[in-house]
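Engineer: PDB, C-alpha atoms, file upload-v5.pdb:
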ATOM      1  CA  MET A   1      43.519 247.395  37.686
ATOM      2  CA  ASN A   2      44.473 245.005  40.420
ATOM      3  CA  ARG A   3      45.591 241.665  39.224
ATOM      4  CA  ASP A   4      46.226 238.827  41.614
ATOM      5  CA  LYS A   5      49.942 238.819  42.333
ATOM      6  CA  ASN A   6      50.087 235.091  41.680
ATOM      7  CA  LEU A   7      49.394 235.625  37.989
ATOM      8  CA  PRO A   8      50.578 234.695  35.507
ATOM      9  CA  LEU A   9      51.195 231.155  36.674
ATOM     10  CA  THR A  10      54.180 229.329  35.283
ATOM     11  CA  GLU A  11      53.398 226.449  32.971
ATOM     12  CA  THR A  12      54.715 223.993  35.569
ATOM     13  CA  THR A  13      52.577 225.444  38.357
ATOM     14  CA  TYR A  14      49.490 225.458  36.163
ATOM     15  CA  TYR A  15      49.957 221.786  35.295
ATOM     16  CA  ILE A  16      50.554 220.776  38.923
ATOM     17  CA  LEU A  17      47.388 222.579  40.051
ATOM     18  CA  LEU A  18      45.436 220.974  37.242
ATOM     19  CA  ALA A  19      46.810 217.537  38.113
ATOM     20  CA  LEU A  20      45.740 218.064  41.721
ATOM     21  CA  MET A  21      42.092 218.671  40.932
ATOM     22  CA  GLU A  22      42.021 215.120  42.209
ATOM     23  CA  PRO A  23      44.171 213.925  45.136
ATOM     24  CA  ALA A  24      47.537 212.514  44.117
ATOM     25  CA  HIS A  25      50.955 211.807  45.608
ATOM     26  CA  GLY A  26      54.309 213.069  44.317
ATOM     27  CA  TYR A  27      55.205 210.559  41.635
ATOM     28  CA  HIS A  28      51.600 210.331  40.528
ATOM     29  CA  ILE A  29      51.621 214.110  39.981
ATOM     30  CA  MET A  30      54.760 213.708  37.864
ATOM     31  CA  GLN A  31      53.108 211.129  35.645
ATOM     32  CA  LYS A  32      49.849 213.105  35.356
ATOM     33  CA  VAL A  33      51.677 216.292  34.327
ATOM     34  CA  GLU A  34      53.678 214.402  31.708
ATOM     35  CA  GLU A  35      50.484 212.859  30.358
ATOM     36  CA  LEU A  36      48.442 216.098  30.389
ATOM     37  CA  SER A  37      51.207 218.014  28.627
ATOM     38  CA  LYS A  38      51.710 215.258  26.054
ATOM     39  CA  GLN A  39      55.325 214.667  27.190
ATOM     40  CA  GLN A  40      56.135 218.383  26.859
ATOM     41  CA  VAL A  41      56.540 219.061  30.562
ATOM     42  CA  LYS A  42      58.662 216.558  32.428
ATOM     43  CA  LEU A  43      59.202 217.337  36.090
ATOM     44  CA  ALA A  44      62.208 215.951  37.918
ATOM     45  CA  ALA A  45      61.861 214.911  41.560
ATOM     46  CA  GLY A  46      63.839 217.794  43.059
ATOM     47  CA  THR A  47      61.917 220.355  41.036
ATOM     48  CA  LEU A  48      58.555 218.830  41.883
ATOM     49  CA  TYR A  49      59.301 218.645  45.599
ATOM     50  CA  GLY A  50      60.196 222.333  45.657
ATOM     51  CA  GLY A  51      57.122 223.168  43.606
ATOM     52  CA  ILE A  52      54.849 221.311  46.017
ATOM     53  CA  GLU A  53      56.419 223.122  48.977
ATOM     54  CA  ASN A  54      55.808 226.506  47.367
ATOM     55  CA  LEU A  55      52.196 225.715  46.533
ATOM     56  CA  MET A  56      51.657 224.539  50.100
ATOM     57  CA  LYS A  57      53.082 227.788  51.428
ATOM     58  CA  GLN A  58      50.786 229.803  49.178
ATOM     59  CA  LYS A  59      47.903 227.597  50.352
ATOM     60  CA  LEU A  60      46.991 226.648  46.795
ATOM     61  CA  ILE A  61      47.207 222.956  47.656
ATOM     62  CA  GLN A  62      46.812 221.045  50.892
ATOM     63  CA  PRO A  63      47.748 217.609  52.215
ATOM     64  CA  VAL A  64      45.063 214.979  52.653
ATOM     65  CA  GLN A  65      44.886 211.736  54.584
ATOM     66  CA  SER A  66      46.956 209.092  52.865
ATOM     67  CA  GLU A  67      46.800 205.306  53.361
ATOM     68  CA  ASP A  68      50.401 205.098  52.199
ATOM     69  CA  ILE A  69      52.632 206.242  55.064
ATOM     70  CA  ARG A  70      55.603 206.599  52.792
ATOM     71  CA  ARG A  71      53.898 208.963  50.360
ATOM     72  CA  LYS A  72      52.074 212.184  51.117
ATOM     73  CA  VAL A  73      48.938 212.964  49.144
ATOM     74  CA  TYR A  74      47.898 216.476  48.104
ATOM     75  CA  VAL A  75      44.831 218.104  46.596
ATOM     76  CA  ILE A  76      44.015 221.567  45.278
ATOM     77  CA  THR A  77      42.338 224.044  47.655
ATOM     78  CA  GLU A  78      39.471 226.441  46.963
ATOM     79  CA  LYS A  79      41.986 229.270  46.671
ATOM     80  CA  GLY A  80      43.970 227.121  44.229
ATOM     81  CA  LYS A  81      40.864 226.582  42.105
ATOM     82  CA  GLU A  82      40.214 230.345  42.075
ATOM     83  CA  ILE A  83      43.746 231.094  40.884
ATOM     84  CA  LEU A  84      43.451 228.410  38.227
ATOM     85  CA  GLN A  85      40.189 229.983  37.014
ATOM     86  CA  LEU A  86      41.765 233.462  36.941
ATOM     87  CA  ASP A  87      44.722 232.261  34.900
ATOM     88  CA  PHE A  88      42.405 230.351  32.591
ATOM     89  CA  ASP A  89      40.410 233.536  32.002
ATOM     90  CA  ARG A  90      43.636 235.437  31.360
ATOM     91  CA  MET A  91      44.722 232.915  28.739
ATOM     92  CA  GLU A  92      41.291 232.794  27.128
ATOM     93  CA  HIS A  93      41.425 236.564  26.702
ATOM     94  CA  LEU A  94      44.921 236.317  25.184
ATOM     95  CA  ILE A  95      43.708 233.696  22.706
ATOM     96  CA  GLU A  96      40.726 235.852  21.726
ATOM     97  CA  ILE A  97      42.683 239.022  21.042
ATOM     98  CA  THR A  98      45.452 237.096  19.299
ATOM     99  CA  LYS A  99      42.891 235.659  16.898
ATOM    100  CA  LYS A 100      41.708 239.205  16.094
ATOM    101  CA  TYR A 101      45.131 240.782  15.695
ATOM    102  CA  ILE A 102      46.949 238.008  13.911
ATOM    103  CA  LYS A 103      44.636 236.928  11.099
ATOM    104  CA  GLU A 104      46.726 233.939  10.114
ATOM    105  CA  ILE A 105      46.215 232.107  13.410
TER     106      ILE A 105
ATOM    107  CA  MET B   1      84.753 191.698  48.372
ATOM    108  CA  GLY B   2      85.054 195.403  47.785
ATOM    109  CA  ASP B   3      87.621 197.509  49.507
ATOM    110  CA  ASN B   4      86.747 200.729  51.238
ATOM    111  CA  VAL B   5      88.286 204.077  50.488
ATOM    112  CA  ARG B   6      87.978 207.144  52.654
ATOM    113  CA  LYS B   7      88.572 210.710  51.547
ATOM    114  CA  LEU B   8      88.359 214.017  53.294
ATOM    115  CA  ARG B   9      87.164 217.013  51.309
ATOM    116  CA  CYS B  10      85.199 220.180  51.760
ATOM    117  CA  TYR B  11      82.763 221.389  49.107
ATOM    118  CA  ILE B  12      80.429 224.350  48.872
ATOM    119  CA  ASN B  13      80.123 224.204  45.095
ATOM    120  CA  TYR B  14      77.799 221.251  44.455
ATOM    121  CA  ASP B  15      78.517 221.133  40.737
ATOM    122  CA  LYS B  16      82.182 220.473  41.498
ATOM    123  CA  GLU B  17      81.293 217.939  44.170
ATOM    124  CA  GLU B  18      78.993 216.077  41.768
ATOM    125  CA  GLN B  19      81.759 216.090  39.159
ATOM    126  CA  TRP B  20      84.245 214.621  41.647
ATOM    127  CA  LEU B  21      81.835 211.925  42.859
ATOM    128  CA  ASN B  22      80.998 210.908  39.303
ATOM    129  CA  ASP B  23      84.713 210.782  38.455
ATOM    130  CA  MET B  24      85.275 208.521  41.458
ATOM    131  CA  ALA B  25      82.436 206.330  40.221
ATOM    132  CA  GLN B  26      84.067 206.111  36.797
ATOM    133  CA  LYS B  27      87.225 204.884  38.518
ATOM    134  CA  GLY B  28      85.133 202.203  40.196
ATOM    135  CA  TYR B  29      84.465 203.797  43.572
ATOM    136  CA  GLU B  30      80.850 204.408  44.434
ATOM    137  CA  LEU B  31      79.830 206.700  47.263
ATOM    138  CA  GLU B  32      78.546 204.782  50.259
ATOM    139  CA  ASP B  33      78.318 207.235  53.095
ATOM    140  CA  VAL B  34      79.174 210.782  54.035
ATOM    141  CA  CYS B  35      80.024 211.316  57.678
ATOM    142  CA  ILE B  36      83.037 213.489  58.424
ATOM    143  CA  GLY B  37      84.700 212.391  55.195
ATOM    144  CA  TYR B  38      83.501 210.517  52.139
ATOM    145  CA  LYS B  39      83.376 206.717  52.254
ATOM    146  CA  PHE B  40      83.484 204.746  49.003
ATOM    147  CA  HIS B  41      83.241 201.086  48.160
ATOM    148  CA  SER B  42      84.400 199.559  44.905
ATOM    149  CA  VAL B  43      81.885 198.626  42.265
ATOM    150  CA  ASP B  44      82.019 196.964  38.910
ATOM    151  CA  CYS B  45      79.408 198.848  36.959
ATOM    152  CA  GLU B  46      80.329 202.238  35.540
ATOM    153  CA  ASN B  47      78.087 205.000  34.231
ATOM    154  CA  THR B  48      76.866 205.854  37.685
ATOM    155  CA  ILE B  49      75.274 209.259  37.845
ATOM    156  CA  ILE B  50      75.241 210.962  41.232
ATOM    157  CA  LYS B  51      73.369 214.173  41.930
ATOM    158  CA  ILE B  52      73.119 216.336  45.027
ATOM    159  CA  ASP B  53      70.316 218.272  46.705
ATOM    160  CA  TYR B  54      70.402 220.321  49.879
ATOM    161  CA  ARG B  55      67.382 220.084  52.166
ATOM    162  CA  THR B  56      66.650 219.619  55.854
ATOM    163  CA  PHE B  57      63.452 218.231  57.333
ATOM    164  CA  LEU B  58      61.510 218.770  60.518
ATOM    165  CA  LYS B  59      59.670 215.479  60.580
ATOM    166  CA  LYS B  60      60.927 211.991  59.778
ATOM    167  CA  SER B  61      57.776 211.409  57.714
ATOM    168  CA  ASP B  62      58.673 214.390  55.492
ATOM    169  CA  PHE B  63      62.104 212.888  54.875
ATOM    170  CA  ILE B  64      60.643 209.484  53.998
ATOM    171  CA  ASP B  65      58.141 211.097  51.621
ATOM    172  CA  TYR B  66      61.017 213.001  49.958
ATOM    173  CA  CYS B  67      63.184 209.885  49.483
ATOM    174  CA  THR B  68      60.234 207.858  48.225
ATOM    175  CA  LEU B  69      59.437 210.476  45.580
ATOM    176  CA  PHE B  70      62.989 210.218  44.266
ATOM    177  CA  GLU B  71      62.914 206.438  44.391
ATOM    178  CA  ASP B  72      59.623 206.372  42.456
ATOM    179  CA  SER B  73      61.190 208.535  39.766
ATOM    180  CA  GLY B  74      64.329 206.418  39.437
ATOM    181  CA  TRP B  75      66.819 207.878  41.903
ATOM    182  CA  THR B  76      67.965 206.021  44.986
ATOM    183  CA  HIS B  77      69.069 207.921  48.084
ATOM    184  CA  ILE B  78      72.625 206.807  48.881
ATOM    185  CA  ALA B  79      73.810 209.231  51.559
ATOM    186  CA  GLY B  80      72.430 211.991  53.742
ATOM    187  CA  SER B  81      69.913 212.128  56.572
ATOM    188  CA  LYS B  82      66.969 214.121  57.871
ATOM    189  CA  ASN B  83      69.231 216.744  59.421
ATOM    190  CA  SER B  84      72.485 216.423  57.522
ATOM    191  CA  GLY B  85      71.303 218.759  54.770
ATOM    192  CA  THR B  86      73.216 217.421  51.781
ATOM    193  CA  GLN B  87      71.360 214.564  50.093
ATOM    194  CA  TYR B  88      73.060 212.275  47.572
ATOM    195  CA  PHE B  89      71.147 210.392  44.880
ATOM    196  CA  LYS B  90      72.161 207.758  42.355
ATOM    197  CA  LYS B  91      70.282 207.140  39.143
ATOM    198  CA  ILE B  92      68.896 203.615  38.992
ATOM    199  CA  ASP B  93      66.304 203.761  36.229
ATOM    200  CA  GLY B  94      67.626 203.995  32.707
ATOM    201  CA  ASN B  95      64.470 205.713  31.552
ATOM    202  CA  SER B  96      64.523 208.713  33.829
ATOM    203  CA  ASP B  97      66.256 211.991  33.010
ATOM    204  CA  ASP B  98      69.873 212.660  33.879
ATOM    205  CA  ASP B  99      69.211 215.145  36.644
ATOM    206  CA  ILE B 100      67.007 215.519  39.695
ATOM    207  CA  PHE B 101      66.111 219.050  38.665
ATOM    208  CA  SER B 102      64.362 219.991  35.450
ATOM    209  CA  ASP B 103      64.795 223.746  35.526
ATOM    210  CA  LYS B 104      67.431 226.309  36.485
ATOM    211  CA  VAL B 105      65.571 227.939  39.359
ATOM    212  CA  SER B 106      64.916 224.734  41.296
ATOM    213  CA  LYS B 107      68.436 223.496  40.533
ATOM    214  CA  SER B 108      69.904 226.594  42.177
ATOM    215  CA  GLY B 109      67.393 226.444  45.015
ATOM    216  CA  LYS B 110      69.708 224.204  46.994
ATOM    217  CA  TYR B 111      72.311 226.981  47.148
ATOM    218  CA  LYS B 112      69.703 229.373  48.501
ATOM    219  CA  ARG B 113      68.761 226.900  51.255
ATOM    220  CA  LEU B 114      72.436 226.317  52.052
ATOM    221  CA  SER B 115      73.102 230.054  52.188
ATOM    222  CA  ASP B 116      70.124 230.605  54.511
ATOM    223  CA  MET B 117      71.413 227.881  56.800
ATOM    224  CA  TRP B 118      74.892 229.417  57.142
ATOM    225  CA  LEU B 119      73.381 232.878  57.565
ATOM    226  CA  GLY B 120      71.267 231.473  60.383
ATOM    227  CA  ILE B 121      74.346 230.171  62.161
ATOM    228  CA  GLY B 122      76.231 233.458  61.820
ATOM    229  CA  VAL B 123      73.203 235.433  62.983
ATOM    230  CA  ALA B 124      72.646 233.093  65.914
ATOM    231  CA  TYR B 125      76.238 233.229  67.150
ATOM    232  CA  LEU B 126      76.671 236.964  66.726
ATOM    233  CA  PRO B 127      74.471 238.040  69.679
ATOM    234  CA  LEU B 128      76.040 235.283  71.753
ATOM    235  CA  TYR B 129      79.487 236.670  71.021
ATOM    236  CA  SER B 130      78.416 240.266  71.683
ATOM    237  CA  VAL B 131      76.854 239.318  74.996
ATOM    238  CA  LEU B 132      80.009 237.474  76.020
ATOM    239  CA  ILE B 133      82.062 240.539  75.158
ATOM    240  CA  SER B 134      79.797 243.048  76.829
ATOM    241  CA  THR B 135      79.584 241.102  80.072
ATOM    242  CA  GLY B 136      83.354 240.940  80.087
ATOM    243  CA  ALA B 137      83.546 237.166  79.873
ATOM    244  CA  ILE B 138      85.572 237.593  76.718
ATOM    245  CA  ASP B 139      88.033 240.396  76.356
ATOM    246  CA  ALA B 140      88.105 241.259  72.657
ATOM    247  CA  ASN B 141      91.377 243.134  73.015
ATOM    248  CA  SER B 142      93.132 239.867  73.811
ATOM    249  CA  ILE B 143      93.576 239.264  70.091
ATOM    250  CA  PHE B 144      95.966 242.209  70.030
ATOM    251  CA  HIS B 145      97.304 241.991  73.573
ATOM    252  CA  PRO B 146      97.868 238.336  74.453
ATOM    253  CA  LYS B 147      98.974 239.403  77.916
ATOM    254  CA  LEU B 148      95.303 239.982  78.743
ATOM    255  CA  LEU B 149      94.680 236.239  78.491
ATOM    256  CA  TYR B 150      96.498 235.817  81.759
ATOM    257  CA  LEU B 151      94.145 236.522  84.649
ATOM    258  CA  THR B 152      96.498 235.955  87.561
ATOM    259  CA  PRO B 153      96.621 239.256  89.437
ATOM    260  CA  GLY B 154     100.057 240.829  89.571
ATOM    261  CA  LEU B 155     101.532 238.203  87.254
ATOM    262  CA  TRP B 156     103.531 240.644  85.169
ATOM    263  CA  GLU B 157     104.993 242.362  88.204
ATOM    264  CA  LYS B 158     106.613 239.177  89.468
ATOM    265  CA  THR B 159     110.263 238.427  88.835
ATOM    266  CA  GLY B 160     112.588 235.471  88.420
ATOM    267  CA  ALA B 161     111.500 231.973  89.358
ATOM    268  CA  ASP B 162     108.339 233.313  90.955
ATOM    269  CA  PHE B 163     107.212 234.777  87.624
ATOM    270  CA  LEU B 164     108.278 231.723  85.599
ATOM    271  CA  GLY B 165     106.325 229.362  87.828
ATOM    272  CA  ALA B 166     103.146 231.398  87.743
ATOM    273  CA  PHE B 167     103.481 232.077  84.025
ATOM    274  CA  LEU B 168     103.983 228.449  83.027
ATOM    275  CA  PHE B 169     101.158 227.360  85.286
ATOM    276  CA  GLU B 170      98.670 229.670  83.681
ATOM    277  CA  THR B 171      99.866 229.277  80.093
ATOM    278  CA  PRO B 172      97.747 226.209  79.219
ATOM    279  CA  PHE B 173      94.668 227.946  80.605
ATOM    280  CA  ALA B 174      95.488 231.177  78.801
ATOM    281  CA  LEU B 175      95.927 229.272  75.562
ATOM    282  CA  MET B 176      92.594 227.541  76.016
ATOM    283  CA  ARG B 177      90.912 230.829  76.802
ATOM    284  CA  GLY B 178      92.394 232.539  73.751
ATOM    285  CA  PHE B 179      91.565 229.542  71.619
ATOM    286  CA  SER B 180      87.921 229.250  72.640
ATOM    287  CA  TRP B 181      87.309 232.996  72.375
ATOM    288  CA  SER B 182      88.736 233.177  68.873
ATOM    289  CA  ILE B 183      86.957 229.971  67.808
ATOM    290  CA  ILE B 184      83.566 231.612  68.256
ATOM    291  CA  LEU B 185      84.673 234.620  66.236
ATOM    292  CA  LEU B 186      86.095 232.306  63.573
ATOM    293  CA  VAL B 187      82.846 230.345  63.355
ATOM    294  CA  ILE B 188      80.863 233.559  62.880
ATOM    295  CA  ILE B 189      83.200 234.866  60.166
ATOM    296  CA  LEU B 190      83.271 231.508  58.362
ATOM    297  CA  ALA B 191      79.492 231.172  58.557
ATOM    298  CA  PHE B 192      78.981 234.547  56.868
ATOM    299  CA  CYS B 193      81.631 233.708  54.253
ATOM    300  CA  PHE B 194      79.950 230.390  53.394
ATOM    301  CA  ALA B 195      76.554 232.088  53.280
ATOM    302  CA  LEU B 196      77.932 234.670  50.849
ATOM    303  CA  LYS B 197      79.601 232.080  48.629
ATOM    304  CA  ALA B 198      76.487 229.913  48.488
ATOM    305  CA  ASN B 199      74.373 232.966  47.710
ATOM    306  CA  LYS B 200      76.709 233.887  44.845
ATOM    307  CA  LEU B 201      76.393 230.381  43.415
ATOM    308  CA  TYR B 202      72.599 230.729  43.719
ATOM    309  CA  LYS B 203      72.530 234.051  41.861
ATOM    310  CA  LYS B 204      74.829 232.651  39.185
ATOM    311  CA  GLY B 205      72.620 229.615  38.718
ATOM    312  CA  ILE B 206      69.391 231.463  38.129
ATOM    313  CA  LYS B 207      70.779 233.741  35.412
TER     314      LYS B 207
END
Now, as a test, write the supplied structure out as structure tokens.
Structural biologist:
Amino acid sequence: MNRDKNLPLTETTYYILLALMEPAHGYHIMQKVEELSKQQVKLAAGTLYGGIENLMKQKLIQPVQSEDIRRKVYVITEKGKEILQLDFDRMEHLIEITKKYIKEI
Amino acid sequence: MGDNVRKLRCYINYDKEEQWLNDMAQKGYELEDVCIGYKFHSVDCENTIIKIDYRTFLKKSDFIDYCTLFEDSGWTHIAGSKNSGTQYFKKIDGNSDDDIFSDKVSKSGKYKRLSDMWLGIGVAYLPLYSVLISTGAIDANSIFHPKLLYLTPGLWEKTGADFLGAFLFETPFALMRGFSWSIILLVIILAFCFALKANKLYKKGIK
């Protein structure tokens, strides 16, 4: 069975893609991820910058026109949305079978 | 009125460099600029935390976006430029974390970028050096036979004052020739050594 080589996504990547369902700039992404993860995932600037670069290279996010010349704004691409959906399906399946196998959960 | 201190040091290991800069800050000397050496000015407040990243940028706007991201998250950019590579940050917000990286892989990423840069230099100079050797512009044997650095025809057959005159005349040129030829080789060797060291630090960091 061929699985997309991007899967599984790391927790950080998943959160960044989710945060970019709407356009946002660097620091805004940081705050969104912290909020979405209920303070569990805190990204530092250096880590986030590298993460954004990687996602750009893989074409999972793209830059958009920004009114703020000092801050670049990004948004998720169609390919990014597909990958997000695939990983979501993967995790849903995991949750389902876990519920069957481990009765206590 | 703070006094300025200048120091000259060479670091490949960023953890050690960060340690040194933070120690200097504890002693009251905060990093101001990095040109050839390190320039410090004296400060009153202690507990300065300085962290280092390595990154180069193609466009000025990319560099500004990078610095702004750090500023937004509580780190001010104190030294480094679009092309200098090494970027120095100081923590200014008490609420932010103590490091500019939040995981091991991205923290070691700077060593990978540094290693790639040095590898690029070595790889770029190598064909240059080979071409210079193959066209005969540089005689590689001159490292072992310094006599070859002297290009005056029949120099070594001369005798007495005749020889001394011609020899002394050409010596500065021969020295320059030998020097410049070995410099290129030295740069190539050093570049590969730095690339290897940085790569080792990268591999160590991601374990």
Engineer: Considering all atoms listed in the file, extract the chain A residues located within 7 Å of chain B and return them as a PyMOL selection string.
Structural biologist: chain A and resi 26-27+43-47+50+70-72
Engineer: Could you give me, as a PDB file with C-alpha atoms, keeping the file's coordinate frame, the residues that sit within 6 Å of (54.5, 217.6, 43.8) in the file's coordinates, counting all atoms listed in the file?
Structural biologist:
ATOM      1  CA  GLY A  26      54.309 213.069  44.317  1.00  0.00           C
ATOM      2  CA  ILE A  29      51.621 214.110  39.981  1.00  0.00           C
ATOM      3  CA  LEU A  48      58.555 218.830  41.883  1.00  0.00           C
ATOM      4  CA  TYR A  49      59.301 218.645  45.599  1.00  0.00           C
ATOM      5  CA  ILE A  52      54.849 221.311  46.017  1.00  0.00           C
TER       6      ILE A  52
END
Engineer: Let me make sure I understand: among B:Leu185, B:Ala25, B:Ile206, B:Ile12, which one has the smallest atom-to-atom distance to Pro127 in chain B if we use only C-alpha atoms?
Structural biologist: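 Checking each of B:Leu185, B:Ala25, B:Ile206, B:Ile12 against Pro127 in chain B, counting only C-alpha atoms, the winner is B:Leu185.
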Engineer: By how many Å are CA of Ile184 in chain B and CA of Leu119 in chain B apart?
Structural biologist: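 Interatomic distance here is 14.8 Å.
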Engineer: Which residues are near Lys81 in chain A? Cut-off 12 Å, all atoms listed in the file, ignore same chain within fewer than 6 positions. Put them as a list in words.
Structural biologist: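 So, after excluding close chain neighbours, the residues are Tyr14, Ile16, Leu17, Leu18, Ala19, Leu20, Met21, Glu22, Lys59, Leu60, Ile61, Gln62, Val75, Asp87 and Phe88 of chain A.
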Engineer: Could you tell me which residues the PyMOL selection byres ((chain B and resi 189) around 12) grabs in this file, written as an NGL selection string?
Structural biologist: :B and (118-119 or 121-123 or 125-126 or 129 or 182-188 or 190-196)
Engineer: Name the residues that the PyMOL selection byres ((chain B and resi 112) around 9) pulls out of this structure, and write them as a ChimeraX atom specification.
Structural biologist: /B:108-111,113-117,195,198-199,201-203
Engineer: Atoms to include: C-alpha atoms. Write the selected residues as a short mmCIF file (atom, residue, chain, number, x, y, z; two decimals), keeping the file's coordinate frame.
Structural biologist:
data_model
loop_
_atom_site.label_atom_id
_atom_site.label_comp_id
_atom_site.auth_asym_id
_atom_site.auth_seq_id
_atom_site.Cartn_x
_atom_site.Cartn_y
_atom_site.Cartn_z
CA SER B 108 69.90 226.59 42.18
CA GLY B 109 67.39 226.44 45.02
CA LYS B 110 69.71 224.20 46.99
CA TYR B 111 72.31 226.98 47.15
CA ARG B 113 68.76 226.90 51.26
CA LEU B 114 72.44 226.32 52.05
CA SER B 115 73.10 230.05 52.19
CA ASP B 116 70.12 230.60 54.51
CA MET B 117 71.41 227.88 56.80
CA ALA B 195 76.55 232.09 53.28
CA ALA B 198 76.49 229.91 48.49
CA ASN B 199 74.37 232.97 47.71
CA LEU B 201 76.39 230.38 43.42
CA TYR B 202 72.60 230.73 43.72
CA LYS B 203 72.53 234.05 41.86
#
Engineer: Residues within 6 Å of Ala24 in chain A, please, as a PyMOL selection string. Count only C-alpha atoms; anything in the same chain fewer than 2 positions from it doesn't count.
Structural biologist: chain A and resi 28+73-74
Engineer: Find the spatial neighbours of Leu168 in chain B, counting all atoms listed in the file, within a cut-off of 12 Å - ignore same-chain residues fewer than 5 positions away - and output them as a list in words.
Structural biologist: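 Neighbouring residues, sequence-local ones excluded: Tyr150, Thr152, Leu155, Ala161, Asp162, Phe163, Phe173, Ala174 and Leu175 of chain B.
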Engineer: Next, write the just-selected residues to a file, as a compact mmCIF listing (two decimals), keeping the file's coordinate frame, keeping C-alpha atoms as the atom set.
Structural biologist:
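Result written to out-v8.txt:
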# COMPACT_ATOMS: atom_id res chain seq x y z
CA TYR B 150 96.50 235.82 81.76
CA THR B 152 96.50 235.96 87.56
CA LEU B 155 101.53 238.20 87.25
CA ALA B 161 111.50 231.97 89.36
CA ASP B 162 108.34 233.31 90.96
CA PHE B 163 107.21 234.78 87.62
CA PHE B 173 94.67 227.95 80.60
CA ALA B 174 95.49 231.18 78.80
CA LEU B 175 95.93 229.27 75.56
Engineer: Quick check, in Å to one decimal: how far apart do CA of Gly51 in chain A and CA of Tyr15 in chain A lie?
Structural biologist: 11.1 Å
Engineer: For the file shown, report as a list in words the outcome of the PyMOL selection byres ((chain B and resi 56) around 8) at residue level.
Structural biologist: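 On the file shown, the PyMOL selection byres ((chain B and resi 56) around 8) covers Tyr54, Arg55, Phe57, Leu58, Lys82, Asn83, Ser84 and Gly85 of chain B.
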Engineer: Could you state the separation of CA of Thr48 in chain B and CA of Asn22 in chain B in Å, given to one decimal place?
Structural biologist: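 Those two atoms sit 6.7 Å apart.
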Engineer: Using only C-alpha atoms, determine which residues lie at most 12 Å from Pro153 in chain B, disregarding the query and same-chain residues fewer than 5 positions distant; provide the list as a list in words.
Structural biologist: Lys147, Leu148, Lys158, Phe163, Ala166, Phe167 and Glu170 of chain B
Engineer: So which one's closest to Lys59 in chain B, B:Met176, B:Gly205, B:Asn13, B:Ser81? Using all atoms listed in the file, please.
Structural biologist: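 The closest residue to Lys59 in chain B is B:Ser81.
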Engineer: Missing atoms in range 169-182 of chain B: fill them in up to N, CA and C atoms and send the result as a tab-separated table (two decimals), in the coordinates of the input.
Structural biologist:
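Final file, result_10.tsv:
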chain	number	residue	atom	x	y	z
B	169	PHE	N	102.37	227.99	84.77
B	169	PHE	CA	101.16	227.36	85.29
B	169	PHE	C	99.92	227.83	84.53
B	170	GLU	N	99.89	229.15	84.29
B	170	GLU	CA	98.67	229.67	83.68
B	170	GLU	C	98.64	229.55	82.16
B	171	THR	N	99.83	229.30	81.55
B	171	THR	CA	99.87	229.28	80.09
B	171	THR	C	98.86	228.34	79.43
B	172	PRO	N	98.75	227.07	79.88
B	172	PRO	CA	97.75	226.21	79.22
B	172	PRO	C	96.34	226.79	79.30
B	173	PHE	N	96.00	227.38	80.47
B	173	PHE	CA	94.67	227.95	80.60
B	173	PHE	C	94.50	229.17	79.71
B	174	ALA	N	95.55	229.99	79.65
B	174	ALA	CA	95.49	231.18	78.80
B	174	ALA	C	95.31	230.79	77.34
B	175	LEU	N	96.06	229.73	76.94
B	175	LEU	CA	95.93	229.27	75.56
B	175	LEU	C	94.51	228.79	75.27
B	176	MET	N	93.96	228.04	76.22
B	176	MET	CA	92.59	227.54	76.02
B	176	MET	C	91.61	228.69	75.93
B	177	ARG	N	91.80	229.68	76.80
B	177	ARG	CA	90.91	230.83	76.80
B	177	ARG	C	90.97	231.54	75.46
B	178	GLY	N	92.21	231.84	75.02
B	178	GLY	CA	92.39	232.54	73.75
B	178	GLY	C	91.81	231.73	72.61
B	179	PHE	N	92.06	230.43	72.66
B	179	PHE	CA	91.56	229.54	71.62
B	179	PHE	C	90.05	229.55	71.54
B	180	SER	N	89.37	229.34	72.67
B	180	SER	CA	87.92	229.25	72.64
B	180	SER	C	87.29	230.59	72.28
B	181	TRP	N	87.88	231.70	72.72
B	181	TRP	CA	87.31	233.00	72.38
B	181	TRP	C	87.43	233.23	70.87
B	182	SER	N	88.58	232.91	70.31
B	182	SER	CA	88.74	233.18	68.87
B	182	SER	C	87.98	232.18	68.02
